[in-house]
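Participant: Just so it is clear, I am handing over query-v3.json, which has JSON, C-alpha atoms.
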```json
[["chain", "number", "residue", "atom", "x", "y", "z"],
["A", 1, "MET", "CA", 24.33, 83.31, 87.32],
["A", 2, "LYS", "CA", 21.56, 81.45, 85.56],
["A", 3, "LYS", "CA", 19.14, 84.27, 86.30],
["A", 4, "LEU", "CA", 21.56, 86.87, 84.88],
["A", 5, "LEU", "CA", 22.18, 84.82, 81.73],
["A", 6, "PHE", "CA", 18.43, 84.29, 81.31],
["A", 7, "LEU", "CA", 17.80, 88.03, 81.75],
["A", 8, "ILE", "CA", 20.46, 88.94, 79.13],
["A", 9, "LEU", "CA", 19.05, 86.33, 76.74],
["A", 10, "CYS", "CA", 15.50, 87.67, 77.13],
["A", 11, "THR", "CA", 16.65, 91.27, 76.62],
["A", 12, "THR", "CA", 18.64, 90.32, 73.50],
["A", 13, "THR", "CA", 15.73, 88.31, 72.07],
["A", 14, "LEU", "CA", 13.32, 91.17, 72.71],
["A", 15, "GLY", "CA", 15.71, 93.62, 71.03],
["A", 16, "LEU", "CA", 16.17, 91.41, 67.96],
["A", 17, "VAL", "CA", 12.45, 90.76, 67.59],
["A", 18, "SER", "CA", 11.63, 94.46, 67.70],
["A", 19, "CYS", "CA", 14.02, 95.26, 64.82],
["A", 20, "LYS", "CA", 12.20, 95.58, 61.53],
["A", 21, "LYS", "CA", 13.66, 96.03, 58.08],
["A", 22, "ASP", "CA", 11.88, 98.68, 56.02],
["A", 23, "THR", "CA", 12.47, 98.85, 52.30],
["A", 24, "ILE", "CA", 11.62, 102.29, 50.96],
["A", 25, "ILE", "CA", 11.26, 102.58, 47.21],
["A", 26, "GLN", "CA", 10.84, 106.07, 45.92],
["A", 27, "GLU", "CA", 9.40, 106.00, 42.41],
["A", 28, "THR", "CA", 8.87, 108.90, 40.10],
["A", 29, "PRO", "CA", 5.36, 108.63, 38.64],
["A", 30, "ASN", "CA", 4.61, 108.69, 34.94],
["A", 31, "ARG", "CA", 3.52, 112.02, 33.48],
["A", 32, "THR", "CA", 0.54, 112.23, 31.11],
["A", 33, "TYR", "CA", -0.29, 115.18, 28.84],
["A", 34, "VAL", "CA", -3.51, 115.47, 26.84],
["A", 35, "TYR", "CA", -3.86, 117.82, 23.87],
["A", 36, "THR", "CA", -6.55, 118.49, 21.30],
["A", 37, "ILE", "CA", -5.32, 118.83, 17.71],
["A", 38, "GLN", "CA", -7.68, 121.01, 15.70],
["A", 39, "PRO", "CA", -8.11, 120.35, 11.94],
["A", 40, "GLY", "CA", -6.43, 123.68, 11.15],
["A", 41, "SER", "CA", -3.33, 122.68, 13.13],
["A", 42, "TRP", "CA", -2.16, 120.21, 10.47],
["A", 43, "ILE", "CA", 0.54, 121.75, 8.23],
["A", 44, "THR", "CA", 0.96, 120.22, 4.78],
["A", 45, "SER", "CA", 4.45, 119.76, 3.35],
["A", 46, "ASN", "CA", 6.33, 117.86, 0.60],
["A", 47, "ASN", "CA", 3.75, 118.77, -2.05],
["A", 48, "GLY", "CA", 0.92, 117.32, 0.04],
["A", 49, "GLU", "CA", 2.73, 114.08, 0.89],
["A", 50, "MET", "CA", 2.86, 114.76, 4.64],
["A", 51, "HIS", "CA", 0.68, 116.50, 7.22],
["A", 52, "THR", "CA", 2.28, 117.52, 10.52],
["A", 53, "ALA", "CA", 0.79, 118.73, 13.80],
["A", 54, "THR", "CA", 3.20, 120.24, 16.33],
["A", 55, "LEU", "CA", 2.56, 119.87, 20.06],
["A", 56, "ASP", "CA", 4.64, 122.18, 22.24],
["A", 57, "ILE", "CA", 5.51, 120.30, 25.43],
["A", 58, "PRO", "CA", 8.18, 122.19, 27.39],
["A", 59, "GLU", "CA", 8.49, 119.26, 29.82],
["A", 60, "VAL", "CA", 10.05, 117.17, 27.04],
["A", 61, "ASP", "CA", 13.69, 118.01, 27.62],
["A", 62, "GLY", "CA", 17.13, 116.47, 27.25],
["A", 63, "ILE", "CA", 16.48, 114.01, 30.07],
["A", 64, "THR", "CA", 13.29, 112.83, 28.36],
["A", 65, "LEU", "CA", 15.14, 112.39, 25.07],
["A", 66, "ASP", "CA", 18.12, 110.58, 26.62],
["A", 67, "ASP", "CA", 16.67, 108.51, 29.46],
["A", 68, "GLU", "CA", 12.88, 108.30, 29.47],
["A", 69, "GLY", "CA", 10.30, 106.43, 27.39],
["A", 70, "VAL", "CA", 7.47, 108.19, 25.57],
["A", 71, "LEU", "CA", 4.16, 106.70, 24.43],
["A", 72, "VAL", "CA", 1.80, 108.56, 22.10],
["A", 73, "TYR", "CA", -1.88, 107.79, 21.59],
["A", 74, "LEU", "CA", -4.37, 109.40, 19.18],
["A", 75, "ASP", "CA", -8.12, 109.19, 18.82],
["A", 76, "HIS", "CA", -8.92, 106.36, 16.45],
["A", 77, "PRO", "CA", -9.70, 107.89, 13.03],
["A", 78, "ALA", "CA", -12.96, 105.94, 12.69],
["A", 79, "MET", "CA", -14.01, 105.73, 16.38],
["A", 80, "SER", "CA", -13.34, 108.82, 18.47],
["A", 81, "SER", "CA", -14.43, 106.93, 21.60],
["A", 82, "SER", "CA", -11.23, 104.83, 21.48],
["A", 83, "GLN", "CA", -7.53, 105.56, 21.21],
["A", 84, "ILE", "CA", -4.78, 103.85, 19.25],
["A", 85, "GLN", "CA", -1.04, 103.89, 19.92],
["A", 86, "VAL", "CA", 1.23, 105.65, 17.43],
["A", 87, "PRO", "CA", 2.75, 104.50, 15.09],
["A", 88, "PHE", "CA", -0.17, 102.89, 13.26],
["A", 89, "THR", "CA", -1.64, 102.63, 9.78],
["A", 90, "TRP", "CA", -5.26, 103.32, 8.98],
["A", 91, "ASN", "CA", -7.04, 103.48, 5.63],
["A", 92, "GLY", "CA", -3.82, 104.05, 3.66],
["A", 93, "ASN", "CA", -2.45, 106.67, 6.06],
["A", 94, "ALA", "CA", 0.61, 106.03, 8.25],
["A", 95, "TYR", "CA", 0.65, 107.91, 11.56],
["A", 96, "SER", "CA", 4.02, 108.46, 13.26],
["A", 97, "TYR", "CA", 5.68, 110.92, 15.62],
["A", 98, "GLU", "CA", 9.00, 112.65, 16.09],
["A", 99, "LEU", "CA", 10.13, 113.61, 19.56],
["A", 100, "TYR", "CA", 12.33, 116.69, 19.97],
["A", 101, "ASN", "CA", 13.49, 118.94, 22.78],
["A", 102, "GLY", "CA", 10.37, 120.97, 23.63],
["A", 103, "GLY", "CA", 7.65, 118.97, 21.90],
["A", 104, "ILE", "CA", 6.41, 116.38, 19.44],
["A", 105, "HIS", "CA", 5.62, 116.40, 15.72],
["A", 106, "ILE", "CA", 2.80, 114.03, 14.75],
["A", 107, "ASN", "CA", 3.00, 113.08, 11.07],
["A", 108, "ILE", "CA", 0.56, 111.56, 8.60],
["A", 109, "GLN", "CA", 1.96, 110.09, 5.37],
["A", 110, "SER", "CA", 0.85, 107.61, 2.72],
["A", 111, "SER", "CA", 1.42, 104.09, 4.02],
["A", 112, "ASP", "CA", 2.16, 102.46, 0.68],
["A", 113, "ASN", "CA", 4.50, 105.13, -0.72],
["A", 114, "GLN", "CA", 2.58, 105.37, -3.98],
["A", 115, "ASP", "CA", 1.07, 108.42, -5.61],
["A", 116, "LEU", "CA", -1.79, 108.52, -3.11],
["A", 117, "LEU", "CA", -1.77, 111.59, -0.90],
["A", 118, "PRO", "CA", -2.59, 111.21, 2.78],
["A", 119, "VAL", "CA", -5.89, 112.57, 4.01],
["A", 120, "LYS", "CA", -5.77, 115.48, 6.47],
["A", 121, "PRO", "CA", -8.10, 115.05, 9.49],
["A", 122, "THR", "CA", -11.30, 117.08, 9.25],
["A", 123, "GLN", "CA", -12.26, 116.95, 12.93],
["A", 124, "ALA", "CA", -10.53, 117.59, 16.25],
["A", 125, "MET", "CA", -8.34, 114.74, 17.47],
["A", 126, "LYS", "CA", -7.20, 114.12, 21.03],
["A", 127, "ALA", "CA", -3.52, 113.24, 21.59],
["A", 128, "LYS", "CA", -2.31, 111.66, 24.81],
["A", 129, "ILE", "CA", 1.42, 111.65, 25.56],
["A", 130, "VAL", "CA", 2.75, 109.50, 28.42],
["A", 131, "VAL", "CA", 6.31, 110.09, 29.62],
["A", 132, "ILE", "CA", 7.74, 107.14, 31.54],
["A", 133, "PRO", "CA", 10.77, 107.88, 33.75],
["A", 134, "SER", "CA", 13.72, 105.54, 33.69],
["A", 135, "GLN", "CA", 17.05, 105.40, 35.45],
["A", 136, "PHE", "CA", 20.01, 105.80, 33.11],
["A", 137, "GLN", "CA", 22.53, 102.96, 33.29],
["A", 138, "PRO", "CA", 25.85, 103.92, 31.64]]
```
Translate this file's structure into structure tokens.
Facilitator:
Amino acid sequence: MKKLLFLILCTTTLGLVSCKKDTIIQETPNRTYVYTIQPGSWITSNNGEMHTATLDIPEVDGITLDDEGVLVYLDHPAMSSSQIQVPFTWNGNAYSYELYNGGIHINIQSSDNQDLLPVKPTQAMKAKIVVIPSQFQP
């Protein structure tokens, strides 16, 4: 009887030791889009008070607008070797963006809301858009 009990105990111990809990986390990776905004792409409106560049990004959809986070970076106006996150203010110009279904508008306006008109970029500028997935919690 002792041998049978010992055999059952050994078999049970071996079975419990061999069980392993695996945690599988399936993450959706961030998506990054890089665009070059040419100087001629800036459209002036409001009597010269705003310059807007439109980036068509079909991947920006209703899910992106409702659930996901979006980060926008532009080449630094004074140092093209570095990037700065939008919104920011530089040399009297306020840079901002508007996200819509199908793309992004990047805007340049006067930062102090006086009679100074914002300066339109004269060289190509790189824009990096990072879309960060998120799970909606109602």
Participant: In Å, rounded to a single decimal, give me how far CA of Gly102 (chain A) is from CA of Glu68 (chain A).
Facilitator: 14.2 Å
Participant: Quick one: residues within 12 Å of Ile129 (chain A), only C-alpha atoms, excluding same-chain residues fewer than 3 positions away - as a PDB file with C-alpha atoms, in the frame of the given file?
Facilitator:
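Wrote result.pdb, looks like this:
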```pdb
ATOM      1  CA  ASN A  30       4.610 108.690  34.940  1.00  0.00           C
ATOM      2  CA  ARG A  31       3.520 112.020  33.480  1.00  0.00           C
ATOM      3  CA  THR A  32       0.540 112.230  31.110  1.00  0.00           C
ATOM      4  CA  TYR A  33      -0.290 115.180  28.840  1.00  0.00           C
ATOM      5  CA  VAL A  34      -3.510 115.470  26.840  1.00  0.00           C
ATOM      6  CA  TYR A  35      -3.860 117.820  23.870  1.00  0.00           C
ATOM      7  CA  THR A  36      -6.550 118.490  21.300  1.00  0.00           C
ATOM      8  CA  LEU A  55       2.560 119.870  20.060  1.00  0.00           C
ATOM      9  CA  ASP A  56       4.640 122.180  22.240  1.00  0.00           C
ATOM     10  CA  ILE A  57       5.510 120.300  25.430  1.00  0.00           C
ATOM     11  CA  GLU A  59       8.490 119.260  29.820  1.00  0.00           C
ATOM     12  CA  VAL A  60      10.050 117.170  27.040  1.00  0.00           C
ATOM     13  CA  GLY A  69      10.300 106.430  27.390  1.00  0.00           C
ATOM     14  CA  VAL A  70       7.470 108.190  25.570  1.00  0.00           C
ATOM     15  CA  LEU A  71       4.160 106.700  24.430  1.00  0.00           C
ATOM     16  CA  VAL A  72       1.800 108.560  22.100  1.00  0.00           C
ATOM     17  CA  TYR A  73      -1.880 107.790  21.590  1.00  0.00           C
ATOM     18  CA  LEU A  74      -4.370 109.400  19.180  1.00  0.00           C
ATOM     19  CA  ASP A  75      -8.120 109.190  18.820  1.00  0.00           C
ATOM     20  CA  GLN A  83      -7.530 105.560  21.210  1.00  0.00           C
ATOM     21  CA  ILE A  84      -4.780 103.850  19.250  1.00  0.00           C
ATOM     22  CA  GLN A  85      -1.040 103.890  19.920  1.00  0.00           C
ATOM     23  CA  VAL A  86       1.230 105.650  17.430  1.00  0.00           C
ATOM     24  CA  TYR A  97       5.680 110.920  15.620  1.00  0.00           C
ATOM     25  CA  LEU A  99      10.130 113.610  19.560  1.00  0.00           C
ATOM     26  CA  GLY A 103       7.650 118.970  21.900  1.00  0.00           C
ATOM     27  CA  ILE A 104       6.410 116.380  19.440  1.00  0.00           C
ATOM     28  CA  HIS A 105       5.620 116.400  15.720  1.00  0.00           C
ATOM     29  CA  ILE A 106       2.800 114.030  14.750  1.00  0.00           C
ATOM     30  CA  LYS A 126      -7.200 114.120  21.030  1.00  0.00           C
ATOM     31  CA  ILE A 132       7.740 107.140  31.540  1.00  0.00           C
TER      32      ILE A 132
END
```
Participant: Interatomic distance between CA of Thr122 (chain A) and CA of Trp42 (chain A)?
Facilitator: 9.7 Å
Participant: Quick one: distance from CA of Asn101 (chain A) to CA of Ile63 (chain A) in Å, one decimal?
Facilitator: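 CA of Ile63 (chain A) lies 9.3 Å from CA of Asn101 (chain A).
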Participant: Mind working out the centre and edge lengths of an axis-aligned box for region 82-101 of chain A, all listed atoms inside, 3 Å added to each side, rounded to one decimal in Å and written as JSON?
Facilitator:
```
{"center_x": 1.1, "center_y": 110.8, "center_z": 13.2, "size_x": 30.7, "size_y": 22.3, "size_z": 25.1}
```
Participant: Measuring atom to atom with all atoms listed in the file, identify which of A:Asp112, A:Glu49, A:Pro133, A:Met125 is nearest to Thr28 (chain A).
Facilitator: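 Of the candidates, the smallest distance to Thr28 (chain A) is held by A:Pro133.
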Participant: Pick out the residues sitting within 12 Å of Ser45 (chain A), and hand them over as a PyMOL selection string; count all atoms listed in the file, and ignore anything fewer than 4 positions along from it in its own chain.
Facilitator: chain A and resi 49-53+107-109+117-118+120
Participant: Would you mind listing what lies within 8 Å of region 87-91 of chain A as a PyMOL selection string, with only C-alpha atoms counted and same-chain residues fewer than 5 positions away left out?
Facilitator: chain A and resi 77+96-97+111
Participant: Between A:Asp67, A:Tyr95, A:Ile25, A:Ser80, which residue has the minimum interatomic distance to Ser134 (chain A), considering all atoms listed in the file?
Facilitator: A:Asp67
Participant: Point out the residue among A:Pro138, A:Asp22, A:Pro29, A:Leu116 with the least atom-to-atom distance to Gly48 (chain A), counting all atoms listed in the file.
Facilitator: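 Result for the nearest residue to Gly48 (chain A): A:Leu116.
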